[in-house]
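K.L.:
File protein.cif follows (mmCIF, C-alpha atoms):
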```cif
data_upload
loop_
_atom_site.label_atom_id
_atom_site.label_comp_id
_atom_site.auth_asym_id
_atom_site.auth_seq_id
_atom_site.Cartn_x
_atom_site.Cartn_y
_atom_site.Cartn_z
CA MET A 789 12.04 -15.19 12.71
CA GLU A 790 15.22 -14.19 14.56
CA GLU A 791 16.97 -17.14 12.93
CA SER A 792 15.75 -16.01 9.49
CA ALA A 793 16.95 -12.48 10.16
CA SER A 794 20.37 -13.81 11.10
CA ARG A 795 20.60 -15.86 7.90
CA GLY A 796 19.62 -12.81 5.83
CA SER A 797 22.21 -10.61 7.54
CA VAL A 798 25.02 -13.06 6.78
CA ARG A 799 23.79 -13.78 3.29
CA LEU A 800 23.49 -10.24 1.93
CA HIS A 801 25.20 -8.10 4.52
CA ARG A 802 26.93 -5.78 2.06
CA LEU A 803 24.14 -5.50 -0.50
CA ARG A 804 23.34 -1.89 -1.43
CA VAL A 805 19.83 -1.48 -2.86
CA THR A 806 18.43 1.73 -4.32
CA MET A 807 14.63 1.86 -4.21
CA ILE A 808 13.01 4.33 -6.62
CA ILE A 809 9.48 5.54 -5.91
CA GLN A 810 8.01 8.80 -7.17
CA ARG A 811 5.54 9.49 -4.36
CA PHE A 812 6.80 9.08 -0.80
CA ARG A 813 6.77 11.06 2.45
CA PRO A 814 5.84 13.90 2.86
CA TYR A 815 3.24 13.09 0.18
CA PHE A 816 0.82 10.32 1.02
CA SER A 817 1.24 7.01 -0.76
CA GLY A 818 -0.04 3.68 0.50
CA HIS A 819 2.77 1.88 -1.29
CA GLY A 820 5.21 4.41 0.14
CA VAL A 821 4.13 3.39 3.65
CA GLN A 822 4.71 -0.23 2.66
CA LEU A 823 8.13 0.55 1.23
CA GLU A 824 9.15 2.24 4.46
CA ALA A 825 8.21 -0.83 6.50
CA LEU A 826 10.01 -3.12 4.04
CA SER A 827 13.13 -0.95 4.12
CA ARG A 828 13.25 -1.17 7.91
CA ALA A 829 12.94 -4.94 7.75
CA LEU A 830 15.66 -5.22 5.08
CA ALA A 831 17.93 -2.92 7.08
CA ARG A 832 17.54 -5.21 10.10
CA ARG A 833 18.93 -7.94 7.86
CA GLY A 834 22.03 -5.96 7.01
CA VAL A 835 20.91 -4.54 3.65
CA ASP A 836 21.94 -0.95 2.89
CA VAL A 837 18.74 0.65 1.54
CA THR A 838 18.50 4.06 -0.12
CA ILE A 839 15.07 5.38 -1.19
CA VAL A 840 15.14 7.92 -4.02
CA THR A 841 11.98 9.99 -4.42
CA ALA A 842 10.64 13.29 -5.77
CA VAL A 843 9.84 16.39 -3.76
CA ARG A 844 9.10 20.03 -4.19
CA GLY A 845 11.99 22.11 -2.93
CA GLY A 846 10.79 23.18 0.49
CA ASP A 847 8.45 20.36 1.44
CA ALA A 848 10.95 18.08 3.23
CA PRO A 849 14.67 17.63 3.88
CA ARG A 850 16.66 16.63 0.82
CA GLU A 851 18.29 13.80 2.73
CA GLU A 852 17.11 11.85 5.75
CA GLN A 853 18.69 9.01 7.69
CA GLY A 854 16.74 6.89 10.14
CA ASP A 855 15.43 3.42 10.99
CA GLY A 856 18.40 1.90 9.20
CA PHE A 857 17.77 3.34 5.72
CA ARG A 858 18.36 6.59 3.88
CA VAL A 859 15.93 8.78 1.91
CA ARG A 860 17.19 11.02 -0.90
CA ARG A 861 14.62 13.56 -2.08
CA LEU A 862 15.25 15.08 -5.47
CA ALA A 863 13.77 18.54 -6.01
CA CYS A 864 11.43 18.41 -9.01
CA ASP A 865 9.82 21.82 -8.81
CA VAL A 866 7.52 22.41 -11.75
CA VAL A 867 4.58 24.70 -12.35
CA GLY A 868 1.46 23.10 -10.89
CA GLY A 869 3.15 20.82 -8.36
CA PRO A 870 3.39 17.03 -8.29
CA SER A 871 0.30 16.41 -10.40
CA HIS A 872 1.67 18.44 -13.34
CA ARG A 873 2.64 16.43 -16.43
CA SER A 874 6.30 17.49 -16.09
CA TRP A 875 6.70 16.02 -12.61
CA SER A 876 7.36 12.45 -13.76
CA PRO A 877 9.88 13.14 -16.55
CA THR A 878 11.70 15.65 -14.34
CA PHE A 879 12.04 13.01 -11.64
CA ALA A 880 13.19 10.47 -14.23
CA ALA A 881 16.03 12.69 -15.37
CA ARG A 882 17.11 13.65 -11.87
CA ALA A 883 16.91 10.06 -10.62
CA ALA A 884 19.23 8.99 -13.44
CA LEU A 885 21.72 11.72 -12.51
CA ASP A 886 21.51 10.73 -8.85
CA LEU A 887 22.12 7.06 -9.66
CA TRP A 888 25.13 7.96 -11.78
CA SER A 889 26.58 10.21 -9.06
CA ARG A 890 26.40 7.23 -6.67
CA ARG A 891 27.24 4.57 -9.24
CA ARG A 892 29.86 2.92 -7.05
CA GLU A 893 27.39 2.72 -4.16
CA VAL A 894 24.65 0.74 -5.93
CA ASP A 895 24.49 -3.06 -6.30
CA LEU A 896 20.82 -3.44 -7.31
CA VAL A 897 18.03 -1.12 -8.46
CA HIS A 898 14.41 -1.74 -7.43
CA VAL A 899 11.72 0.48 -9.03
CA HIS A 900 8.16 0.65 -7.70
CA GLY A 901 5.39 1.21 -10.23
CA VAL A 902 5.35 2.31 -13.87
CA ILE A 903 6.88 5.78 -13.75
CA ASP A 904 9.18 7.54 -16.19
CA ALA A 905 12.10 6.84 -13.85
CA LEU A 906 11.64 3.13 -14.57
CA TYR A 907 13.19 3.60 -18.01
CA THR A 908 16.10 5.83 -17.00
CA ALA A 909 16.87 3.52 -14.08
CA TRP A 910 16.87 0.56 -16.48
CA ALA A 911 19.35 2.37 -18.73
CA PHE A 912 21.60 3.06 -15.74
CA ALA A 913 21.42 -0.56 -14.61
CA ARG A 914 22.34 -1.80 -18.08
CA LEU A 915 25.30 0.57 -18.35
CA ARG A 916 26.57 -0.57 -14.96
CA ARG A 917 25.60 -4.24 -15.54
CA LEU A 918 23.52 -4.26 -12.37
CA PRO A 919 20.37 -6.29 -11.69
CA MET A 920 17.03 -4.52 -11.94
CA VAL A 921 13.78 -5.38 -10.13
CA PHE A 922 10.44 -3.91 -11.16
CA GLU A 923 7.50 -4.06 -8.76
CA LEU A 924 3.90 -4.02 -10.00
CA THR A 925 1.88 -2.11 -7.43
CA LEU A 926 -1.49 -1.20 -8.99
CA THR A 927 -3.89 -3.10 -11.22
CA GLY A 928 -4.68 -1.27 -14.44
CA ALA A 929 -1.56 0.85 -14.22
CA ASP A 930 1.50 -1.38 -13.90
CA ASP A 931 0.54 -4.45 -15.94
CA PRO A 932 1.73 -4.88 -19.57
CA ASP A 933 -1.69 -4.34 -21.16
CA ALA A 934 -2.15 -1.05 -19.31
CA LEU A 935 1.22 0.11 -20.57
CA ARG A 936 0.50 -0.87 -24.17
CA GLU A 937 -2.85 0.91 -24.07
CA SER A 938 -1.44 4.11 -22.60
CA ARG A 939 -1.16 7.26 -24.67
CA ASN A 940 2.34 8.15 -23.52
CA HIS A 941 5.01 9.09 -26.02
CA PHE A 942 7.22 6.23 -27.22
CA THR A 943 4.83 3.53 -25.98
CA SER A 944 6.53 0.84 -28.08
CA LEU A 945 9.96 1.69 -26.67
CA ARG A 946 8.60 1.83 -23.14
CA TYR A 947 7.01 -1.58 -23.57
CA ALA A 948 10.22 -3.03 -25.01
CA ILE A 949 12.16 -1.83 -21.95
CA TYR A 950 9.39 -3.03 -19.60
CA ARG A 951 9.81 -6.55 -21.00
CA ARG A 952 13.54 -6.52 -20.24
CA MET A 953 13.60 -6.30 -16.45
CA ASP A 954 15.72 -8.92 -14.69
CA SER A 955 12.97 -9.68 -12.21
CA TYR A 956 9.33 -8.72 -11.62
CA VAL A 957 7.52 -8.70 -8.30
CA ALA A 958 3.72 -8.60 -8.24
CA ILE A 959 2.16 -7.72 -4.91
CA SER A 960 -0.96 -9.82 -5.53
CA PRO A 961 -2.01 -12.85 -7.59
CA GLN A 962 -4.25 -10.52 -9.59
CA LEU A 963 -1.27 -8.47 -10.73
CA ALA A 964 0.79 -11.61 -11.35
CA ASP A 965 -1.95 -13.03 -13.59
CA ALA A 966 -2.15 -9.75 -15.53
CA ALA A 967 1.64 -9.72 -15.95
CA ARG A 968 1.76 -13.28 -17.26
CA ALA A 969 -1.19 -12.66 -19.59
CA GLY A 970 0.64 -9.61 -20.94
CA GLY A 971 3.77 -11.58 -21.76
CA VAL A 972 6.02 -11.24 -18.70
CA PRO A 973 8.09 -14.45 -18.54
CA ALA A 974 6.85 -16.63 -15.68
CA GLU A 975 10.39 -17.58 -14.65
CA ARG A 976 11.19 -13.91 -13.92
CA LEU A 977 7.97 -13.18 -12.01
CA GLN A 978 7.30 -13.71 -8.32
CA THR A 979 4.28 -12.85 -6.20
CA ILE A 980 5.20 -11.28 -2.86
CA PRO A 981 2.35 -9.84 -0.80
CA GLN A 982 2.61 -6.60 1.05
CA GLY A 983 3.43 -6.96 4.72
CA VAL A 984 2.54 -5.50 8.07
CA ASP A 985 4.61 -4.66 11.13
CA LEU A 986 3.02 -7.02 13.63
CA GLU A 987 4.55 -5.26 16.61
CA ARG A 988 3.22 -1.86 15.63
CA HIS A 989 -0.16 -3.17 14.47
CA HIS A 990 -1.61 -5.31 17.22
CA PRO A 991 -4.90 -5.69 19.10
CA LEU A 992 -5.56 -3.91 22.36
CA ALA A 993 -7.04 -5.85 25.23
CA ASP A 994 -9.07 -2.77 26.19
CA ARG A 995 -9.95 -0.13 23.60
CA ARG A 996 -11.37 2.28 26.15
CA ALA A 997 -8.12 4.18 26.80
CA ARG A 998 -7.40 4.50 23.07
CA ARG A 999 -10.90 5.84 22.41
CA ASP A 1000 -10.50 8.31 25.23
CA GLU A 1001 -7.23 9.53 23.64
CA LEU A 1002 -8.98 10.08 20.31
CA GLY A 1003 -12.11 11.65 21.76
CA LEU A 1004 -14.36 8.77 20.68
CA PRO A 1005 -17.36 7.43 22.60
CA ILE A 1006 -16.40 4.56 24.86
CA ASP A 1007 -19.33 2.21 24.26
CA ALA A 1008 -20.73 3.18 20.83
CA PRO A 1009 -20.01 1.06 17.73
CA VAL A 1010 -17.05 2.44 15.77
CA LEU A 1011 -16.26 1.57 12.15
CA ALA A 1012 -12.95 2.42 10.47
CA PHE A 1013 -11.89 3.02 6.89
CA VAL A 1014 -8.24 3.70 5.99
CA GLY A 1015 -7.36 5.03 2.55
CA SER A 1016 -7.75 8.06 0.31
CA LEU A 1017 -11.35 9.27 0.11
CA VAL A 1018 -11.60 8.81 -3.65
CA GLU A 1019 -13.81 7.00 -6.13
CA ARG A 1020 -11.32 4.16 -6.69
CA LYS A 1021 -11.50 3.33 -2.99
CA GLY A 1022 -15.29 3.17 -3.08
CA ILE A 1023 -15.85 6.04 -0.66
CA ASP A 1024 -19.23 6.77 -2.26
CA LEU A 1025 -20.33 3.17 -1.63
CA LEU A 1026 -19.14 3.35 1.95
CA LEU A 1027 -21.05 6.55 2.64
CA ALA A 1028 -24.21 5.18 0.98
CA ALA A 1029 -23.96 2.11 3.23
CA TRP A 1030 -23.23 4.35 6.21
CA ALA A 1031 -26.53 6.22 5.80
CA ARG A 1032 -28.37 2.94 6.23
CA ILE A 1033 -26.13 1.72 9.07
CA HIS A 1034 -26.50 4.95 11.02
CA ALA A 1035 -30.27 4.89 10.66
CA ARG A 1036 -30.27 1.53 12.47
CA ARG A 1037 -27.41 2.29 14.89
CA PRO A 1038 -27.64 6.07 15.54
CA LEU A 1039 -24.88 6.05 18.18
CA ALA A 1040 -22.33 4.56 15.79
CA LYS A 1041 -19.33 6.51 14.45
CA LEU A 1042 -17.47 6.16 11.15
CA LEU A 1043 -13.76 7.02 11.16
CA LEU A 1044 -12.23 8.05 7.85
CA VAL A 1045 -8.43 8.00 7.98
CA GLY A 1046 -6.68 9.06 4.79
CA ARG A 1047 -6.23 11.81 2.27
CA ASP A 1048 -9.35 13.99 2.17
CA ARG A 1049 -8.03 17.20 0.61
CA PHE A 1050 -7.48 17.40 -3.14
CA GLU A 1051 -6.42 20.95 -3.95
CA ASP A 1052 -4.53 19.61 -6.98
CA HIS A 1053 -7.44 17.49 -8.24
CA ALA A 1054 -10.73 19.36 -8.62
CA ALA A 1055 -12.68 16.29 -9.81
CA ALA A 1056 -11.70 14.27 -6.73
CA GLU A 1057 -12.58 17.18 -4.45
CA ALA A 1058 -16.00 17.53 -6.09
CA PHE A 1059 -16.64 13.77 -5.97
CA LEU A 1060 -16.00 13.62 -2.22
CA ALA A 1061 -18.14 16.70 -1.59
CA ARG A 1062 -21.07 15.09 -3.45
CA ALA A 1063 -20.72 11.80 -1.59
CA LEU A 1064 -20.64 13.53 1.79
CA GLY A 1065 -23.42 15.92 0.80
CA ALA A 1066 -25.74 13.01 0.01
CA LEU A 1067 -25.71 11.86 3.64
CA PRO A 1068 -28.59 12.70 5.98
CA ALA A 1069 -27.48 15.41 8.41
CA SER A 1070 -27.33 13.11 11.46
CA ALA A 1071 -25.29 10.48 9.59
CA GLY A 1072 -22.93 13.15 8.31
CA GLN A 1073 -22.34 14.45 11.82
CA ALA A 1074 -21.32 10.94 12.90
CA VAL A 1075 -18.53 10.78 10.29
CA VAL A 1076 -15.15 11.76 11.75
CA ARG A 1077 -12.42 12.67 9.26
CA PHE A 1078 -8.82 12.49 10.46
CA GLY A 1079 -6.98 13.10 7.19
CA VAL A 1080 -3.57 11.62 6.41
CA ARG A 1081 -1.96 10.12 9.50
CA ASP A 1082 1.22 8.19 10.19
CA ASP A 1083 -0.43 6.49 13.17
CA ALA A 1084 -3.40 4.83 11.47
CA GLU A 1085 -3.00 1.84 13.77
CA ARG A 1086 -4.34 3.92 16.70
CA PHE A 1087 -7.64 4.39 14.89
CA LEU A 1088 -7.84 0.73 13.94
CA GLN A 1089 -7.12 -0.30 17.51
CA SER A 1090 -9.99 1.88 18.73
CA SER A 1091 -12.55 0.42 16.27
CA ASP A 1092 -14.96 -2.51 16.22
CA LEU A 1093 -14.98 -3.21 12.46
CA PHE A 1094 -12.96 -2.36 9.36
CA VAL A 1095 -14.82 -1.61 6.11
CA PHE A 1096 -13.14 -1.40 2.71
CA PRO A 1097 -15.32 -1.28 -0.45
CA SER A 1098 -12.44 -0.47 -2.81
CA ARG A 1099 -13.00 -0.90 -6.54
CA ARG A 1100 -9.37 -1.38 -7.56
CA GLU A 1101 -6.17 -2.16 -5.67
CA GLY A 1102 -2.72 -3.55 -6.17
CA PHE A 1103 -3.06 -5.39 -2.88
CA GLY A 1104 -4.90 -3.41 -0.20
CA ALA A 1105 -2.38 -3.07 2.61
CA ALA A 1106 -4.95 -1.37 4.84
CA ILE A 1107 -6.77 -4.72 5.01
CA ILE A 1108 -3.85 -6.60 6.54
CA GLU A 1109 -3.11 -3.71 8.88
CA ALA A 1110 -6.67 -3.95 10.20
CA MET A 1111 -6.33 -7.74 10.46
CA ALA A 1112 -3.13 -7.36 12.48
CA CYS A 1113 -5.02 -5.05 14.85
CA GLY A 1114 -7.54 -7.85 15.40
CA LEU A 1115 -10.43 -6.28 13.48
CA PRO A 1116 -13.04 -8.25 11.55
CA CYS A 1117 -12.89 -6.96 7.98
CA ILE A 1118 -15.74 -6.36 5.55
CA VAL A 1119 -14.32 -5.87 2.06
CA ALA A 1120 -15.59 -5.65 -1.51
CA ASP A 1121 -14.65 -8.54 -3.76
CA LEU A 1122 -11.36 -8.02 -5.61
CA PRO A 1123 -10.55 -11.26 -7.45
CA GLY A 1124 -6.94 -12.27 -7.02
CA ILE A 1125 -6.68 -10.10 -3.89
CA THR A 1126 -9.48 -10.64 -1.40
CA ASP A 1127 -9.65 -14.36 -2.14
CA PHE A 1128 -5.89 -14.49 -1.49
CA ILE A 1129 -6.11 -12.56 1.78
CA PHE A 1130 -9.28 -14.37 2.88
CA PRO A 1131 -9.33 -17.84 1.29
CA THR A 1132 -12.66 -19.70 1.30
CA PRO A 1133 -14.35 -19.82 3.74
CA SER A 1134 -13.41 -16.20 4.29
CA GLU A 1135 -14.68 -15.98 7.86
CA ALA A 1136 -12.11 -18.56 8.93
CA SER A 1137 -9.49 -15.91 8.06
CA GLY A 1138 -11.31 -12.99 9.64
CA GLY A 1139 -13.08 -11.46 6.66
CA ILE A 1140 -16.46 -11.07 5.03
CA VAL A 1141 -16.32 -10.47 1.27
CA VAL A 1142 -19.30 -8.69 -0.29
CA PRO A 1143 -20.06 -8.06 -3.99
CA GLN A 1144 -18.60 -5.06 -5.74
CA GLU A 1145 -20.77 -1.95 -6.16
CA ASN A 1146 -23.28 -3.13 -3.56
CA ALA A 1147 -23.77 -0.66 -0.73
CA GLY A 1148 -26.73 -2.66 0.55
CA ALA A 1149 -24.67 -5.83 0.99
CA LEU A 1150 -21.98 -3.80 2.75
CA ALA A 1151 -24.52 -2.32 5.15
CA ASP A 1152 -26.11 -5.72 5.83
CA ALA A 1153 -22.73 -7.27 6.65
CA VAL A 1154 -21.86 -4.45 9.05
CA LEU A 1155 -25.23 -4.55 10.80
CA GLY A 1156 -25.03 -8.34 11.05
CA LEU A 1157 -21.67 -8.21 12.86
CA LEU A 1158 -22.77 -5.37 15.13
CA ALA A 1159 -25.72 -7.55 16.15
CA GLU A 1160 -23.44 -10.52 16.90
CA PRO A 1161 -20.50 -9.27 18.97
CA GLY A 1162 -19.33 -12.81 19.75
CA ARG A 1163 -19.05 -13.60 16.06
CA ALA A 1164 -17.26 -10.31 15.46
CA ARG A 1165 -14.71 -11.09 18.17
CA ALA A 1166 -14.09 -14.54 16.67
CA LEU A 1167 -13.48 -12.98 13.26
CA GLY A 1168 -11.06 -10.51 14.81
CA ARG A 1169 -9.04 -13.31 16.41
CA ALA A 1170 -8.98 -15.20 13.10
CA ALA A 1171 -7.85 -12.04 11.28
CA ARG A 1172 -4.92 -11.54 13.64
CA ALA A 1173 -3.90 -15.19 13.30
CA ARG A 1174 -4.01 -14.96 9.50
CA ALA A 1175 -1.89 -11.78 9.52
CA GLU A 1176 0.67 -13.42 11.79
CA ALA A 1177 0.88 -16.55 9.66
CA TYR A 1178 1.15 -14.96 6.20
CA PHE A 1179 1.68 -11.20 6.15
CA GLY A 1180 4.31 -10.27 8.74
CA ILE A 1181 6.81 -7.79 7.28
CA ASP A 1182 9.77 -9.90 8.37
CA ALA A 1183 8.56 -12.90 6.38
CA VAL A 1184 7.92 -10.63 3.40
CA ALA A 1185 11.45 -9.16 3.65
CA GLU A 1186 12.90 -12.68 3.52
CA GLN A 1187 11.13 -13.25 0.21
CA TYR A 1188 12.68 -10.09 -1.24
CA LEU A 1189 16.09 -11.19 -0.02
CA SER A 1190 15.64 -14.43 -1.94
CA VAL A 1191 14.81 -12.47 -5.12
CA TYR A 1192 17.87 -10.26 -4.69
CA GLU A 1193 20.15 -13.22 -4.00
CA ARG A 1194 19.12 -14.98 -7.21
CA LEU A 1195 19.97 -11.87 -9.25
CA LEU A 1196 23.39 -11.22 -7.80
CA PRO A 1197 26.42 -12.65 -9.58
CA GLU A 1198 28.77 -14.89 -7.64
CA GLY A 1199 31.00 -12.90 -5.35
CA ARG A 1200 28.57 -9.97 -4.92
CA HIS A 1201 27.11 -11.31 -1.67
#
```
What's the structure tokens form of this structure?
P.N.:
Amino acid sequence: MEESASRGSVRLHRLRVTMIIQRFRPYFSGHGVQLEALSRALARRGVDVTIVTAVRGGDAPREEQGDGFRVRRLACDVVGGPSHRSWSPTFAARAALDLWSRRREVDLVHVHGVIDALYTAWAFARLRRLPMVFELTLTGADDPDALRESRNHFTSLRYAIYRRMDSYVAISPQLADAARAGGVPAERLQTIPQGVDLERHHPLADRRARRDELGLPIDAPVLAFVGSLVERKGIDLLLAAWARIHARRPLAKLLLVGRDRFEDHAAAEAFLARALGALPASAGQAVVRFGVRDDAERFLQSSDLFVFPSRREGFGAAIIEAMACGLPCIVADLPGITDFIFPTPSEASGGIVVPQENAGALADAVLGLLAEPGRARALGRAARARAEAYFGIDAVAEQYLSVYERLLPEGRH
């Protein structure tokens, strides 16, 4: 990989890429975490990366430099905070102004997800005759059919602009299939999976010290889930399965790492409260919530199994992070995603895929692995090997470099 990094540095050393993403630190976003890792990897290859994002005035510094890339946070203060309907158009306008103010410092624009800023960034790129990359990050939100069926103003115009990107990146085969079915030209579409920092996410030879750090029992079974505790992620299915698991393994613990406070979303707050309230008291006491963390790998490294019954994803980066930490993974079937991460037979790649909406199957798979520790260890080794072979962030960064290189006119790199 050092040789590849060297080639990338020579090839695109002076390339200046502006990444546009609406939700990024300090607000939690799984794709934001991915973008940060990708930006570090691109910076190691000599690419000058600037991330432009939205923020409320006092929540974070307006500008931040570190790890080889820069973050520019544009204040988009509106009544009601980031969930308010004015947040996205405000960011779109301010992102366009920011791009124009730095117009001589931008060689390529890369927008993540269907946001209002996609359209203003496209207009800027056309005025400056710069290449534009659009990244599809979530099924049912970023594909052409979802856009056409939306109730936004000017849907026809938005769709016409959407169809005119220079290049499209889908983070899973599922999203790529939806893009092609919706009319995105195949020659402008590439599938690039999300990646994982293999040095940061790695197995521990002995989990005892890590468990001691986190206040977890040394010898009890520990399960981990990483992601927002919302309906889309299947948290209700996980907790229903957990009630059954805990009845059979009363010493076990369930770690929930991810957003678990929804002050700006009453329905999500109520949904989580109902799901937790349905647990028997003893099972509820064995659930440990850690909230949003920037060190999720510590919790994965302390666990025996990773469980992920998500209903809808763009890719599911938490899965490959768990794999890189050497955890056997039990995941709900997401066609075009889980069969890509864990090709048949799935156990050869470190995963067990269970049917969607089936808490019983999830519980059975967990209990089966807890009863066969040798099999669980073998799955964990296979998961790490699969992550190393296909999902390392450096290999992923090389694929993005290839996309950028194809878009740049002669003499720009």
K.L.:
Identify which of the residues A:Arg811, A:Gly818, A:Pro981, A:Val837 lies closest to Gly1046 (chain A), counting all atoms listed in the file when measuring atom-to-atom distances.
P.N.:
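Comparing A:Arg811, A:Gly818, A:Pro981, A:Val837 against Gly1046 (chain A), the winner is A:Gly818.
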K.L.:
Which neighbours of Leu945 (chain A) fall inside 12 Å, counting all atoms listed in the file, when residues of the same chain fewer than 5 positions from it are skipped, and could you give them as a list in words?
P.N.:
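My list of contacting residues is Tyr907, Leu935, Arg936, Asn940, Tyr950, Arg951 and Arg952 of chain A.
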K.L.:
Identify which of the residues A:Asp1052, A:Asp895, A:Glu1109, A:Asp1082 lies closest to Pro1197 (chain A), counting all atoms listed in the file when measuring atom-to-atom distances.
P.N.:
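Using all atoms listed in the file, the shortest distance to Pro1197 (chain A) belongs to A:Asp895.
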K.L.:
So what does the PyMOL selection byres ((chain A and resi 863) around 7) actually pick up in this one, as a PDB file with C-alpha atoms, in the frame of the given file?
P.N.:
```
ATOM      1  CA  ALA A 842      10.640  13.290  -5.770  1.00  0.00           C
ATOM      2  CA  VAL A 843       9.840  16.390  -3.760  1.00  0.00           C
ATOM      3  CA  ARG A 844       9.100  20.030  -4.190  1.00  0.00           C
ATOM      4  CA  GLY A 845      11.990  22.110  -2.930  1.00  0.00           C
ATOM      5  CA  ARG A 861      14.620  13.560  -2.080  1.00  0.00           C
ATOM      6  CA  LEU A 862      15.250  15.080  -5.470  1.00  0.00           C
ATOM      7  CA  CYS A 864      11.430  18.410  -9.010  1.00  0.00           C
ATOM      8  CA  ASP A 865       9.820  21.820  -8.810  1.00  0.00           C
TER       9      ASP A 865
END
```
K.L.:
Give me the residues within 8 Å of Leu1026 (chain A) as a ChimeraX atom specification, counting all atoms listed in the file and dropping any in the same chain fewer than 5 places off.
P.N.:
/A:1095-1097,1147,1150
K.L.:
For C-alpha atoms, I'd like the residues from the last selection saved as a compact mmCIF listing (two decimals), keeping the file's coordinate frame.
P.N.:
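The result, stored in again18.txt:
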```txt
# COMPACT_ATOMS: atom_id res chain seq x y z
CA VAL A 1095 -14.82 -1.61 6.11
CA PHE A 1096 -13.14 -1.40 2.71
CA PRO A 1097 -15.32 -1.28 -0.45
CA ALA A 1147 -23.77 -0.66 -0.73
CA LEU A 1150 -21.98 -3.80 2.75
```
K.L.:
List, as a PDB file with C-alpha atoms, in the frame of the given file, every residue that the PyMOL selection byres ((chain A and resi 1042) around 10) selects in the file provided.
P.N.:
```pdb
ATOM      1  CA  PRO A1009     -20.010   1.060  17.730  1.00  0.00           C
ATOM      2  CA  VAL A1010     -17.050   2.440  15.770  1.00  0.00           C
ATOM      3  CA  LEU A1011     -16.260   1.570  12.150  1.00  0.00           C
ATOM      4  CA  ALA A1012     -12.950   2.420  10.470  1.00  0.00           C
ATOM      5  CA  PHE A1013     -11.890   3.020   6.890  1.00  0.00           C
ATOM      6  CA  LEU A1026     -19.140   3.350   1.950  1.00  0.00           C
ATOM      7  CA  LEU A1027     -21.050   6.550   2.640  1.00  0.00           C
ATOM      8  CA  TRP A1030     -23.230   4.350   6.210  1.00  0.00           C
ATOM      9  CA  ILE A1033     -26.130   1.720   9.070  1.00  0.00           C
ATOM     10  CA  HIS A1034     -26.500   4.950  11.020  1.00  0.00           C
ATOM     11  CA  ALA A1040     -22.330   4.560  15.790  1.00  0.00           C
ATOM     12  CA  LYS A1041     -19.330   6.510  14.450  1.00  0.00           C
ATOM     13  CA  LEU A1043     -13.760   7.020  11.160  1.00  0.00           C
ATOM     14  CA  LEU A1044     -12.230   8.050   7.850  1.00  0.00           C
ATOM     15  CA  VAL A1045      -8.430   8.000   7.980  1.00  0.00           C
ATOM     16  CA  ALA A1071     -25.290  10.480   9.590  1.00  0.00           C
ATOM     17  CA  GLY A1072     -22.930  13.150   8.310  1.00  0.00           C
ATOM     18  CA  GLN A1073     -22.340  14.450  11.820  1.00  0.00           C
ATOM     19  CA  ALA A1074     -21.320  10.940  12.900  1.00  0.00           C
ATOM     20  CA  VAL A1075     -18.530  10.780  10.290  1.00  0.00           C
ATOM     21  CA  VAL A1076     -15.150  11.760  11.750  1.00  0.00           C
ATOM     22  CA  ARG A1077     -12.420  12.670   9.260  1.00  0.00           C
ATOM     23  CA  SER A1091     -12.550   0.420  16.270  1.00  0.00           C
ATOM     24  CA  LEU A1093     -14.980  -3.210  12.460  1.00  0.00           C
ATOM     25  CA  PHE A1094     -12.960  -2.360   9.360  1.00  0.00           C
ATOM     26  CA  VAL A1095     -14.820  -1.610   6.110  1.00  0.00           C
TER      27      VAL A1095
END
```
K.L.:
Under the rule that only C-alpha atoms are counted, which of A:Val1018, A:Ala1177, A:Leu803, A:Met953 is the nearest residue to Arg833 (chain A)?
P.N.:
A:Leu803
K.L.:
Since I can't run it myself right now, could you work out what the PyMOL selection byres ((chain A and resi 1050) around 12) selects here and report it as a list in words?
P.N.:
Phe816, Ser871, Ser1016, Leu1017, Val1018, Gly1046, Arg1047, Asp1048, Arg1049, Glu1051, Asp1052, His1053, Ala1054, Ala1055, Ala1056, Glu1057, Ala1058, Phe1059, Leu1060, Ala1061, Gly1079 and Val1080 of chain A
K.L.:
Between A:Ala948, A:Ala1159, A:Ala1008, A:Ala929, which has the minimum distance to Ala966 (chain A) (counting all atoms listed in the file)?
P.N.:
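Result for the nearest residue to Ala966 (chain A): A:Ala929.
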K.L.:
Measure the distance from CA of Arg813 (chain A) to CA of Arg914 (chain A) in Å and round it to one decimal.
P.N.:
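So the answer is 28.8 Å.
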K.L.:
Quick one: of A:Ser817, A:Phe922, A:Asp855, A:Val805, who's nearest to Ala829 (chain A), counting only C-alpha atoms?
P.N.:
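Closest to Ala829 (chain A), using only C-alpha atoms: A:Asp855.
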K.L.:
Just to confirm, what's the straight-line distance from CA of Arg916 (chain A) to CA of Phe942 (chain A) in Å (one decimal)?
P.N.:
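It comes out at 23.9 Å.
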K.L.:
With distances taken over only C-alpha atoms, which of A:Leu963, A:Ala997, A:Ile809, A:Ile1125 is nearest to Asp904 (chain A)?
P.N.:
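The closest residue to Asp904 (chain A) is A:Ile809.
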K.L.:
Rounded to one decimal place, report the CA of Thr838 (chain A)-CA of Ala958 (chain A) distance in Å.
P.N.:
21.1 Å
